[in-house]
file input-v5.pdb (PDB, C-alpha atoms)
MODEL        1
ATOM      1  CA  MET A  19     -18.486   9.928  27.705  1.00  0.00           C
ATOM      2  CA  ASN A  20     -19.209  11.291  24.246  1.00  0.00           C
ATOM      3  CA  TYR A  21     -17.911   8.753  21.743  1.00  0.00           C
ATOM      4  CA  ARG A  22     -17.496  10.127  18.266  1.00  0.00           C
ATOM      5  CA  VAL A  23     -17.698   8.477  14.850  1.00  0.00           C
ATOM      6  CA  LEU A  24     -16.467   9.986  11.601  1.00  0.00           C
ATOM      7  CA  VAL A  25     -18.024   8.420   8.512  1.00  0.00           C
ATOM      8  CA  LEU A  26     -16.092   8.923   5.289  1.00  0.00           C
ATOM      9  CA  GLY A  27     -18.448   8.748   2.322  1.00  0.00           C
ATOM     10  CA  SER A  28     -22.206   9.313   2.287  1.00  0.00           C
ATOM     11  CA  GLY A  29     -23.393   6.640  -0.131  1.00  0.00           C
ATOM     12  CA  ILE A  30     -25.711   3.764   0.712  1.00  0.00           C
ATOM     13  CA  ILE A  31     -23.195   2.143   3.092  1.00  0.00           C
ATOM     14  CA  GLY A  32     -22.127   5.410   4.696  1.00  0.00           C
ATOM     15  CA  LYS A  33     -25.749   6.279   5.439  1.00  0.00           C
ATOM     16  CA  GLN A  34     -26.228   2.957   7.230  1.00  0.00           C
ATOM     17  CA  VAL A  35     -23.081   3.497   9.275  1.00  0.00           C
ATOM     18  CA  LYS A  36     -24.414   6.876  10.371  1.00  0.00           C
ATOM     19  CA  ILE A  37     -27.778   5.381  11.341  1.00  0.00           C
ATOM     20  CA  ALA A  38     -26.140   2.550  13.306  1.00  0.00           C
ATOM     21  CA  ALA A  39     -23.764   4.863  15.170  1.00  0.00           C
ATOM     22  CA  THR A  40     -26.585   7.264  16.038  1.00  0.00           C
ATOM     23  CA  LYS A  41     -28.683   4.403  17.432  1.00  0.00           C
ATOM     24  CA  MET A  42     -25.721   3.438  19.629  1.00  0.00           C
ATOM     25  CA  GLY A  43     -25.701   6.932  21.121  1.00  0.00           C
ATOM     26  CA  TYR A  44     -22.504   8.014  19.391  1.00  0.00           C
ATOM     27  CA  ALA A  45     -22.044  11.496  17.982  1.00  0.00           C
ATOM     28  CA  VAL A  46     -21.627  11.277  14.213  1.00  0.00           C
ATOM     29  CA  ALA A  47     -20.133  13.492  11.524  1.00  0.00           C
ATOM     30  CA  THR A  48     -19.732  12.752   7.828  1.00  0.00           C
ATOM     31  CA  VAL A  49     -17.166  13.619   5.173  1.00  0.00           C
ATOM     32  CA  ASP A  50     -17.754  13.784   1.430  1.00  0.00           C
ATOM     33  CA  ILE A  51     -17.203  16.109  -1.491  1.00  0.00           C
ATOM     34  CA  LYS A  52     -20.764  17.391  -1.042  1.00  0.00           C
ATOM     35  CA  GLY A  53     -23.786  16.986   1.221  1.00  0.00           C
ATOM     36  CA  ALA A  54     -21.818  16.124   4.366  1.00  0.00           C
ATOM     37  CA  THR A  55     -20.792  17.679   7.689  1.00  0.00           C
ATOM     38  CA  TYR A  56     -17.348  18.321   6.210  1.00  0.00           C
ATOM     39  CA  THR A  57     -17.015  18.788   2.456  1.00  0.00           C
ATOM     40  CA  ILE A  58     -13.444  18.020   1.421  1.00  0.00           C
ATOM     41  CA  ASP A  59     -11.430  15.885  -0.973  1.00  0.00           C
ATOM     42  CA  LEU A  60     -10.173  12.973   1.145  1.00  0.00           C
ATOM     43  CA  ARG A  61      -7.012  12.822  -0.947  1.00  0.00           C
ATOM     44  CA  ASP A  62      -5.916  16.136   0.578  1.00  0.00           C
ATOM     45  CA  GLN A  63      -3.911  15.399   3.709  1.00  0.00           C
ATOM     46  CA  GLU A  64      -4.067  18.863   5.261  1.00  0.00           C
ATOM     47  CA  GLU A  65      -7.826  19.193   4.830  1.00  0.00           C
ATOM     48  CA  TYR A  66      -8.487  15.733   6.215  1.00  0.00           C
ATOM     49  CA  LEU A  67      -6.206  16.281   9.206  1.00  0.00           C
ATOM     50  CA  GLU A  68      -8.071  19.490  10.010  1.00  0.00           C
ATOM     51  CA  VAL A  69     -11.333  17.511  10.061  1.00  0.00           C
ATOM     52  CA  LEU A  70      -9.844  14.922  12.422  1.00  0.00           C
ATOM     53  CA  HIS A  71      -8.548  17.538  14.838  1.00  0.00           C
ATOM     54  CA  ASP A  72     -11.884  19.355  14.752  1.00  0.00           C
ATOM     55  CA  TRP A  73     -14.148  16.312  15.248  1.00  0.00           C
ATOM     56  CA  GLN A  74     -11.742  14.136  17.286  1.00  0.00           C
ATOM     57  CA  PRO A  75     -13.336  10.762  16.526  1.00  0.00           C
ATOM     58  CA  ASN A  76     -12.880   7.468  18.357  1.00  0.00           C
ATOM     59  CA  VAL A  77     -14.057   5.599  15.255  1.00  0.00           C
ATOM     60  CA  ILE A  78     -13.160   6.347  11.655  1.00  0.00           C
ATOM     61  CA  PHE A  79     -15.305   4.340   9.239  1.00  0.00           C
ATOM     62  CA  ASN A  80     -14.171   4.710   5.632  1.00  0.00           C
ATOM     63  CA  THR A  81     -16.787   3.973   2.968  1.00  0.00           C
ATOM     64  CA  ALA A  82     -15.470   6.533   0.457  1.00  0.00           C
ATOM     65  CA  GLY A  83     -14.206   5.802  -3.028  1.00  0.00           C
ATOM     66  CA  LYS A  84     -15.309   5.545  -6.632  1.00  0.00           C
ATOM     67  CA  ASP A  85     -17.542   2.596  -7.450  1.00  0.00           C
ATOM     68  CA  GLN A  86     -18.306   1.081 -10.818  1.00  0.00           C
ATOM     69  CA  LYS A  87     -21.999   0.449 -11.210  1.00  0.00           C
ATOM     70  CA  LEU A  88     -24.075  -1.349 -13.791  1.00  0.00           C
ATOM     71  CA  GLY A  89     -24.377   0.870 -16.830  1.00  0.00           C
ATOM     72  CA  ASP A  90     -21.040   2.603 -16.282  1.00  0.00           C
ATOM     73  CA  ASN A  91     -18.705   2.468 -19.249  1.00  0.00           C
ATOM     74  CA  ALA A  92     -15.674   0.233 -18.704  1.00  0.00           C
ATOM     75  CA  SER A  93     -13.111  -1.390 -20.963  1.00  0.00           C
ATOM     76  CA  PRO A  94     -11.727  -4.900 -20.637  1.00  0.00           C
ATOM     77  CA  LEU A  95      -8.180  -4.953 -19.298  1.00  0.00           C
ATOM     78  CA  HIS A  96      -6.477  -5.435 -22.675  1.00  0.00           C
ATOM     79  CA  GLU A  97      -8.215  -2.310 -24.047  1.00  0.00           C
ATOM     80  CA  MET A  98      -7.962  -0.091 -20.962  1.00  0.00           C
ATOM     81  CA  LYS A  99      -6.613   3.433 -21.441  1.00  0.00           C
ATOM     82  CA  ASP A 100      -4.169   5.089 -19.051  1.00  0.00           C
ATOM     83  CA  SER A 101      -6.803   7.682 -18.213  1.00  0.00           C
ATOM     84  CA  ASP A 102      -9.346   5.009 -17.236  1.00  0.00           C
ATOM     85  CA  TRP A 103      -6.825   3.325 -14.962  1.00  0.00           C
ATOM     86  CA  LYS A 104      -5.776   6.545 -13.264  1.00  0.00           C
ATOM     87  CA  ASP A 105      -9.341   7.797 -12.890  1.00  0.00           C
ATOM     88  CA  LEU A 106     -10.522   4.720 -10.969  1.00  0.00           C
ATOM     89  CA  PHE A 107      -7.528   2.805  -9.602  1.00  0.00           C
ATOM     90  CA  GLY A 108      -5.493   5.953  -9.021  1.00  0.00           C
ATOM     91  CA  HIS A 109      -8.350   7.827  -7.364  1.00  0.00           C
ATOM     92  CA  ASN A 110      -9.250   4.973  -5.013  1.00  0.00           C
ATOM     93  CA  THR A 111      -5.718   4.065  -3.986  1.00  0.00           C
ATOM     94  CA  ASP A 112      -4.669   7.697  -3.488  1.00  0.00           C
ATOM     95  CA  LEU A 113      -7.716   8.228  -1.273  1.00  0.00           C
ATOM     96  CA  LEU A 114      -7.087   5.006   0.638  1.00  0.00           C
ATOM     97  CA  PHE A 115      -3.432   5.852   1.219  1.00  0.00           C
ATOM     98  CA  ASN A 116      -4.225   9.315   2.535  1.00  0.00           C
ATOM     99  CA  VAL A 117      -7.057   8.140   4.784  1.00  0.00           C
ATOM    100  CA  ALA A 118      -4.814   5.436   6.257  1.00  0.00           C
ATOM    101  CA  ARG A 119      -1.708   7.513   6.917  1.00  0.00           C
ATOM    102  CA  THR A 120      -3.564  10.572   8.195  1.00  0.00           C
ATOM    103  CA  SER A 121      -5.967   8.592  10.411  1.00  0.00           C
ATOM    104  CA  LEU A 122      -3.054   6.694  11.947  1.00  0.00           C
ATOM    105  CA  ALA A 123      -1.087   9.876  12.611  1.00  0.00           C
ATOM    106  CA  TYR A 124      -4.141  11.375  14.340  1.00  0.00           C
ATOM    107  CA  PHE A 125      -4.804   8.257  16.425  1.00  0.00           C
ATOM    108  CA  ILE A 126      -1.180   7.949  17.564  1.00  0.00           C
ATOM    109  CA  GLU A 127      -1.339  11.472  18.979  1.00  0.00           C
ATOM    110  CA  SER A 128      -4.810  10.955  20.460  1.00  0.00           C
ATOM    111  CA  ASN A 129      -5.524   9.935  24.047  1.00  0.00           C
ATOM    112  CA  LYS A 130      -8.904   8.425  23.151  1.00  0.00           C
ATOM    113  CA  GLN A 131      -9.999   5.426  25.218  1.00  0.00           C
ATOM    114  CA  PHE A 132     -10.510   3.343  22.101  1.00  0.00           C
ATOM    115  CA  LYS A 133      -9.426   3.904  18.523  1.00  0.00           C
ATOM    116  CA  LYS A 134     -11.089   2.075  15.665  1.00  0.00           C
ATOM    117  CA  LEU A 135     -10.249   2.302  11.980  1.00  0.00           C
ATOM    118  CA  ILE A 136     -12.698   0.440   9.743  1.00  0.00           C
ATOM    119  CA  PHE A 137     -12.472   0.061   5.979  1.00  0.00           C
ATOM    120  CA  THR A 138     -15.064  -1.122   3.461  1.00  0.00           C
ATOM    121  CA  PRO A 139     -13.528  -3.231   0.711  1.00  0.00           C
ATOM    122  CA  SER A 140     -15.585  -4.896  -1.987  1.00  0.00           C
ATOM    123  CA  THR A 141     -16.317  -8.602  -2.203  1.00  0.00           C
ATOM    124  CA  TYR A 142     -14.038  -8.348  -5.230  1.00  0.00           C
ATOM    125  CA  SER A 143     -11.149  -7.816  -2.866  1.00  0.00           C
ATOM    126  CA  PHE A 144     -11.410 -11.560  -2.274  1.00  0.00           C
ATOM    127  CA  THR A 145     -12.647 -13.052  -5.524  1.00  0.00           C
ATOM    128  CA  ALA A 146     -12.751 -12.151  -9.195  1.00  0.00           C
ATOM    129  CA  PRO A 147     -16.105 -10.947 -10.539  1.00  0.00           C
ATOM    130  CA  ASN A 148     -17.982 -13.644 -12.406  1.00  0.00           C
ATOM    131  CA  PRO A 149     -18.878 -12.260 -15.860  1.00  0.00           C
ATOM    132  CA  ASN A 150     -21.865 -14.621 -16.027  1.00  0.00           C
ATOM    133  CA  PHE A 151     -23.540 -12.642 -13.246  1.00  0.00           C
ATOM    134  CA  TYR A 152     -23.547  -9.448 -15.305  1.00  0.00           C
ATOM    135  CA  ASN A 153     -25.111  -8.508 -18.593  1.00  0.00           C
ATOM    136  CA  ASP A 154     -23.137  -9.514 -21.666  1.00  0.00           C
ATOM    137  CA  ASP A 155     -22.246  -5.907 -22.405  1.00  0.00           C
ATOM    138  CA  PHE A 156     -20.940  -5.091 -18.894  1.00  0.00           C
ATOM    139  CA  VAL A 157     -17.335  -5.461 -17.785  1.00  0.00           C
ATOM    140  CA  LYS A 158     -16.415  -5.124 -14.122  1.00  0.00           C
ATOM    141  CA  SER A 159     -13.257  -3.108 -14.642  1.00  0.00           C
ATOM    142  CA  PHE A 160      -9.943  -4.336 -13.269  1.00  0.00           C
ATOM    143  CA  ALA A 161      -9.215  -0.704 -12.410  1.00  0.00           C
ATOM    144  CA  TYR A 162     -11.967  -1.057  -9.790  1.00  0.00           C
ATOM    145  CA  VAL A 163     -11.226  -4.641  -8.771  1.00  0.00           C
ATOM    146  CA  GLY A 164      -7.516  -3.897  -8.467  1.00  0.00           C
ATOM    147  CA  SER A 165      -8.150  -0.892  -6.256  1.00  0.00           C
ATOM    148  CA  GLN A 166     -10.186  -3.065  -3.903  1.00  0.00           C
ATOM    149  CA  SER A 167      -7.511  -5.742  -3.531  1.00  0.00           C
ATOM    150  CA  VAL A 168      -5.253  -3.232  -1.766  1.00  0.00           C
ATOM    151  CA  TYR A 169      -7.557  -3.233   1.267  1.00  0.00           C
ATOM    152  CA  VAL A 170      -6.678  -6.774   2.336  1.00  0.00           C
ATOM    153  CA  ASN A 171      -2.997  -6.165   3.002  1.00  0.00           C
ATOM    154  CA  LEU A 172      -3.677  -2.664   4.310  1.00  0.00           C
ATOM    155  CA  VAL A 173      -6.061  -3.798   7.062  1.00  0.00           C
ATOM    156  CA  GLN A 174      -3.757  -6.627   8.113  1.00  0.00           C
ATOM    157  CA  TYR A 175      -0.699  -4.379   8.019  1.00  0.00           C
ATOM    158  CA  ILE A 176      -2.324  -1.747  10.225  1.00  0.00           C
ATOM    159  CA  ALA A 177      -3.622  -4.382  12.648  1.00  0.00           C
ATOM    160  CA  SER A 178      -0.119  -5.825  12.984  1.00  0.00           C
ATOM    161  CA  TYR A 179       1.936  -2.653  13.209  1.00  0.00           C
ATOM    162  CA  TYR A 180      -0.361  -0.308  15.117  1.00  0.00           C
ATOM    163  CA  ALA A 181      -1.834  -2.472  17.877  1.00  0.00           C
ATOM    164  CA  GLN A 182       0.884  -1.043  20.103  1.00  0.00           C
ATOM    165  CA  HIS A 183      -0.896   2.304  19.824  1.00  0.00           C
ATOM    166  CA  ASN A 184      -4.226   0.787  20.946  1.00  0.00           C
ATOM    167  CA  ILE A 185      -5.579   0.993  17.374  1.00  0.00           C
ATOM    168  CA  THR A 186      -7.772  -1.777  15.984  1.00  0.00           C
ATOM    169  CA  CYS A 187      -8.371  -2.079  12.248  1.00  0.00           C
ATOM    170  CA  ASN A 188     -10.991  -4.248  10.570  1.00  0.00           C
ATOM    171  CA  GLY A 189     -12.823  -4.564   7.280  1.00  0.00           C
ATOM    172  CA  PHE A 190     -16.554  -4.567   6.558  1.00  0.00           C
ATOM    173  CA  VAL A 191     -17.412  -6.333   3.291  1.00  0.00           C
ATOM    174  CA  PRO A 192     -21.002  -5.859   2.086  1.00  0.00           C
ATOM    175  CA  HIS A 193     -22.314  -7.124  -1.241  1.00  0.00           C
ATOM    176  CA  LEU A 194     -25.403  -6.617  -3.405  1.00  0.00           C
ATOM    177  CA  VAL A 195     -26.811  -3.920  -1.124  1.00  0.00           C
ATOM    178  CA  MET A 196     -29.755  -2.289  -2.900  1.00  0.00           C
ATOM    179  CA  GLU A 197     -32.601  -0.010  -1.890  1.00  0.00           C
ATOM    180  CA  ASP A 198     -34.958  -1.931  -4.195  1.00  0.00           C
ATOM    181  CA  GLN A 199     -34.700  -5.616  -3.383  1.00  0.00           C
ATOM    182  CA  LYS A 200     -34.188  -7.978  -6.305  1.00  0.00           C
ATOM    183  CA  ASP A 201     -34.033 -11.725  -6.688  1.00  0.00           C
ATOM    184  CA  VAL A 202     -30.619 -13.215  -7.461  1.00  0.00           C
ATOM    185  CA  ASP A 203     -29.706 -16.580  -8.960  1.00  0.00           C
ATOM    186  CA  THR A 204     -28.859 -18.866  -6.033  1.00  0.00           C
ATOM    187  CA  THR A 205     -25.784 -19.997  -7.964  1.00  0.00           C
ATOM    188  CA  TYR A 206     -24.238 -16.701  -6.896  1.00  0.00           C
ATOM    189  CA  SER A 207     -26.000 -16.003  -3.610  1.00  0.00           C
ATOM    190  CA  PRO A 208     -27.595 -18.892  -1.690  1.00  0.00           C
ATOM    191  CA  VAL A 209     -29.956 -16.436   0.013  1.00  0.00           C
ATOM    192  CA  GLY A 210     -31.376 -15.740  -3.436  1.00  0.00           C
ATOM    193  CA  ARG A 211     -31.870 -11.996  -3.160  1.00  0.00           C
ATOM    194  CA  THR A 212     -30.073  -8.705  -2.717  1.00  0.00           C
ATOM    195  CA  CYS A 213     -29.336  -7.202   0.695  1.00  0.00           C
ATOM    196  CA  LYS A 214     -31.654  -4.627   2.238  1.00  0.00           C
ATOM    197  CA  PRO A 215     -29.620  -1.691   3.606  1.00  0.00           C
ATOM    198  CA  ASP A 216     -30.952  -2.048   7.145  1.00  0.00           C
ATOM    199  CA  GLU A 217     -29.754  -5.661   7.248  1.00  0.00           C
ATOM    200  CA  LEU A 218     -26.242  -4.243   7.635  1.00  0.00           C
ATOM    201  CA  GLN A 219     -27.078  -2.706  10.998  1.00  0.00           C
ATOM    202  CA  PRO A 220     -26.189  -5.605  13.366  1.00  0.00           C
ATOM    203  CA  VAL A 221     -22.689  -6.019  11.940  1.00  0.00           C
ATOM    204  CA  LEU A 222     -22.050  -2.274  11.771  1.00  0.00           C
ATOM    205  CA  LYS A 223     -22.937  -1.939  15.444  1.00  0.00           C
ATOM    206  CA  MET A 224     -20.660  -4.816  16.372  1.00  0.00           C
ATOM    207  CA  LEU A 225     -17.721  -3.300  14.509  1.00  0.00           C
ATOM    208  CA  MET A 226     -18.152   0.102  16.186  1.00  0.00           C
ATOM    209  CA  ASP A 227     -18.979  -1.178  19.675  1.00  0.00           C
ATOM    210  CA  LYS A 228     -16.426   0.059  22.208  1.00  0.00           C
ATOM    211  CA  GLU A 229     -16.677  -3.323  23.970  1.00  0.00           C
ATOM    212  CA  ASN A 230     -15.394  -5.021  20.802  1.00  0.00           C
ATOM    213  CA  SER A 231     -11.780  -4.330  21.705  1.00  0.00           C
ATOM    214  CA  TYR A 232      -9.901  -7.559  20.855  1.00  0.00           C
ATOM    215  CA  MET A 233     -10.888  -8.159  17.238  1.00  0.00           C
ATOM    216  CA  THR A 234      -8.443  -6.685  14.737  1.00  0.00           C
ATOM    217  CA  GLY A 235      -7.209  -7.547  11.259  1.00  0.00           C
ATOM    218  CA  GLU A 236     -10.497  -9.254  10.361  1.00  0.00           C
ATOM    219  CA  PHE A 237     -12.956  -8.942   7.491  1.00  0.00           C
ATOM    220  CA  ILE A 238     -16.654  -9.359   8.238  1.00  0.00           C
ATOM    221  CA  LYS A 239     -18.533 -10.361   5.092  1.00  0.00           C
ATOM    222  CA  VAL A 240     -22.250  -9.693   4.633  1.00  0.00           C
ATOM    223  CA  ASN A 241     -22.910 -11.170   1.209  1.00  0.00           C
ATOM    224  CA  GLY A 242     -25.745 -13.692   1.352  1.00  0.00           C
ATOM    225  CA  GLY A 243     -23.297 -16.582   0.921  1.00  0.00           C
ATOM    226  CA  TRP A 244     -21.623 -15.187  -2.216  1.00  0.00           C
ATOM    227  CA  LEU A 245     -18.240 -16.582  -1.193  1.00  0.00           C
ATOM    228  CA  CYS A 246     -19.471 -19.955   0.099  1.00  0.00           C
TER
ENDMDL
END
call {"tool": "encode", "arguments": {"input": "input-v5.pdb", "output": "structure tokens"}}
result
Amino acid sequence: MNYRVLVLGSGIIGKQVKIAATKMGYAVATVDIKGATYTIDLRDQEEYLEVLHDWQPNVIFNTAGKDQKLGDNASPLHEMKDSDWKDLFGHNTDLLFNVARTSLAYFIESNKQFKKLIFTPSTYSFTAPNPNFYNDDFVKSFAYVGSQSVYVNLVQYIASYYAQHNITCNGFVPHLVMEDQKDVDTTYSPVGRTCKPDELQPVLKMLMDKENSYMTGEFIKVNGGWLC
């Protein structure tokens, strides 16, 4: 049987999801605003639903959303402008809401043998960023952190309410994933270094494996001990 995976987002995590799914023998398509199988805005319900009906995935793996990287301009919370909040928090939560509702509607109508919805929250869904880890002039914006906190209740809500439709929903939580490996103070990560992208592969395969049919509502963290 031809199992199908739809990867939302084509950044460093999305690329690893695609590689893992391909190695498992699954057919894979990607969605992004450019450079993907389907080029759409994931906040548009009609466009996204068309993609789902065209590709008909068993697994939807969402890695899409705006990140805030080192060097990006960001204001501390007490100085944040409405436009900054809407651009990051609004964008991410609007996208998340549309991916969730539209994916669920598709899965409920689908007769697929297994139906997996996987989200990719940040480590900062579970803990506040430590300013000591960053440069003195960098602020990890609450517009970003706040948008990530929504994932926790969303995954658990879907797992609770939609199991009756044979839908499982889990979260994949990577941290410090970098193409160029760097050393990290062991105060923050006991492993003492950043994560190589291909080190995500074992967990990605486990999450997408059709035999992994009982786990739902869980968050699998790959963070080098960041939250120990």
call {"tool": "residues_around", "arguments": {"input": "input-v5.pdb", "residues": "A:Gly43", "least_positions_apart": "6", "cutoff": "12 Å", "atoms": "only C-alpha atoms", "output": "list in words"}}
result
Met19, Asn20, Tyr21, Arg22, Val23, Lys36, Ile37, Lys223, Met226, Asp227 and Lys228 of chain A
call {"tool": "resolve_selection", "arguments": {"input": "input-v5.pdb", "expression": "the PyMOL selection byres ((chain A and resi 198) around 12)", "output": "list in words"}}
result
Ile30, Leu194, Val195, Met196, Glu197, Gln199, Lys200, Asp201, Arg211, Thr212, Cys213, Lys214 and Pro215 of chain A
call {"tool": "closest_residue", "arguments": {"input": "input-v5.pdb", "among": "A:Leu24, A:Asn116, A:Trp73, A:Ser93", "to": "A:Leu60", "atoms": "all atoms listed in the file"}}
result
A:Asn116
call {"tool": "resolve_selection", "arguments": {"input": "input-v5.pdb", "expression": "the PyMOL selection byres ((chain A and resi 94) around 9)", "output": "PDB file with C-alpha atoms, in the frame of the given file"}}
result
ATOM      1  CA  ALA A  92     -15.674   0.233 -18.704  1.00  0.00           C
ATOM      2  CA  SER A  93     -13.111  -1.390 -20.963  1.00  0.00           C
ATOM      3  CA  LEU A  95      -8.180  -4.953 -19.298  1.00  0.00           C
ATOM      4  CA  HIS A  96      -6.477  -5.435 -22.675  1.00  0.00           C
ATOM      5  CA  GLU A  97      -8.215  -2.310 -24.047  1.00  0.00           C
ATOM      6  CA  MET A  98      -7.962  -0.091 -20.962  1.00  0.00           C
ATOM      7  CA  VAL A 157     -17.335  -5.461 -17.785  1.00  0.00           C
ATOM      8  CA  LYS A 158     -16.415  -5.124 -14.122  1.00  0.00           C
ATOM      9  CA  SER A 159     -13.257  -3.108 -14.642  1.00  0.00           C
ATOM     10  CA  PHE A 160      -9.943  -4.336 -13.269  1.00  0.00           C
TER      11      PHE A 160
END
call {"tool": "atom_distance", "arguments": {"input": "input-v5.pdb", "atom1": "atom CA of A:Gln131", "atom2": "atom CA of A:Ile185"}}
result
10.0 Å
call {"tool": "closest_residue", "arguments": {"input": "input-v5.pdb", "among": "A:Cys246, A:Ser178, A:Ala45, A:Gln86", "to": "A:Phe156", "atoms": "all atoms listed in the file"}}
result
A:Gln86
call {"tool": "residues_around", "arguments": {"input": "input-v5.pdb", "residues": "A:Leu172", "least_positions_apart": "6", "cutoff": "10 Å", "atoms": "all atoms listed in the file", "output": "mmCIF file with C-alpha atoms, in the coordinates of the input"}}
result
data_model
loop_
_atom_site.group_PDB
_atom_site.id
_atom_site.type_symbol
_atom_site.label_atom_id
_atom_site.label_comp_id
_atom_site.auth_asym_id
_atom_site.auth_seq_id
_atom_site.Cartn_x
_atom_site.Cartn_y
_atom_site.Cartn_z
ATOM 1 C CA LEU A 114 -7.087 5.006 0.638
ATOM 2 C CA PHE A 115 -3.432 5.852 1.219
ATOM 3 C CA ALA A 118 -4.814 5.436 6.257
ATOM 4 C CA PHE A 137 -12.472 0.061 5.979
ATOM 5 C CA SER A 178 -0.119 -5.825 12.984
ATOM 6 C CA CYS A 187 -8.371 -2.079 12.248
ATOM 7 C CA ASN A 188 -10.991 -4.248 10.570
ATOM 8 C CA GLY A 189 -12.823 -4.564 7.280
ATOM 9 C CA GLY A 235 -7.209 -7.547 11.259
#
call {"tool": "residues_around", "arguments": {"input": "input-v5.pdb", "residues": "A:Phe107", "least_positions_apart": "4", "cutoff": "8 Å", "atoms": "all atoms listed in the file", "output": "PyMOL selection string"}}
result
chain A and resi 103+111+161-162+164-165
call {"tool": "atom_distance", "arguments": {"input": "input-v5.pdb", "atom1": "atom CA of A:Ala146", "atom2": "atom CA of A:Pro220"}}
result
27.1 Å
call {"tool": "residues_around", "arguments": {"input": "input-v5.pdb", "residues": "A:Pro147", "least_positions_apart": "4", "cutoff": "9 Å", "atoms": "all atoms listed in the file", "output": "list in words"}}
result
Thr141, Tyr142, Phe151, Tyr152, Lys158 and Val163 of chain A
call {"tool": "atom_distance", "arguments": {"input": "input-v5.pdb", "atom1": "atom CA of A:Lys84", "atom2": "atom CA of A:Ile58"}}
result
15.0 Å
call {"tool": "axis_aligned_box", "arguments": {"input": "input-v5.pdb", "around": "stretch 68-85 of chain A", "padding_each_side": "5 Å", "output": "lines of an AutoDock Vina configuration file"}}
result
center_x = -12.8
center_y = 11.0
center_z = 5.5
size_x = 19.5
size_y = 26.9
size_z = 35.8
call {"tool": "resolve_selection", "arguments": {"input": "input-v5.pdb", "expression": "the PyMOL selection byres ((chain A and resi 237) around 9)", "output": "list in words"}}
result
Pro139, Val170, Val173, Asn188, Gly189, Phe190, Val191, Thr234, Gly235, Glu236, Ile238 and Lys239 of chain A
call {"tool": "residues_around", "arguments": {"input": "input-v5.pdb", "residues": "A:Glu68", "least_positions_apart": "3", "cutoff": "12 Å", "atoms": "all atoms listed in the file", "output": "list in words"}}
result
Val49, Tyr56, Thr57, Ile58, Leu60, Asp62, Gln63, Glu64, Glu65, His71, Asp72, Trp73, Gln74, Thr120, Ser121 and Tyr124 of chain A
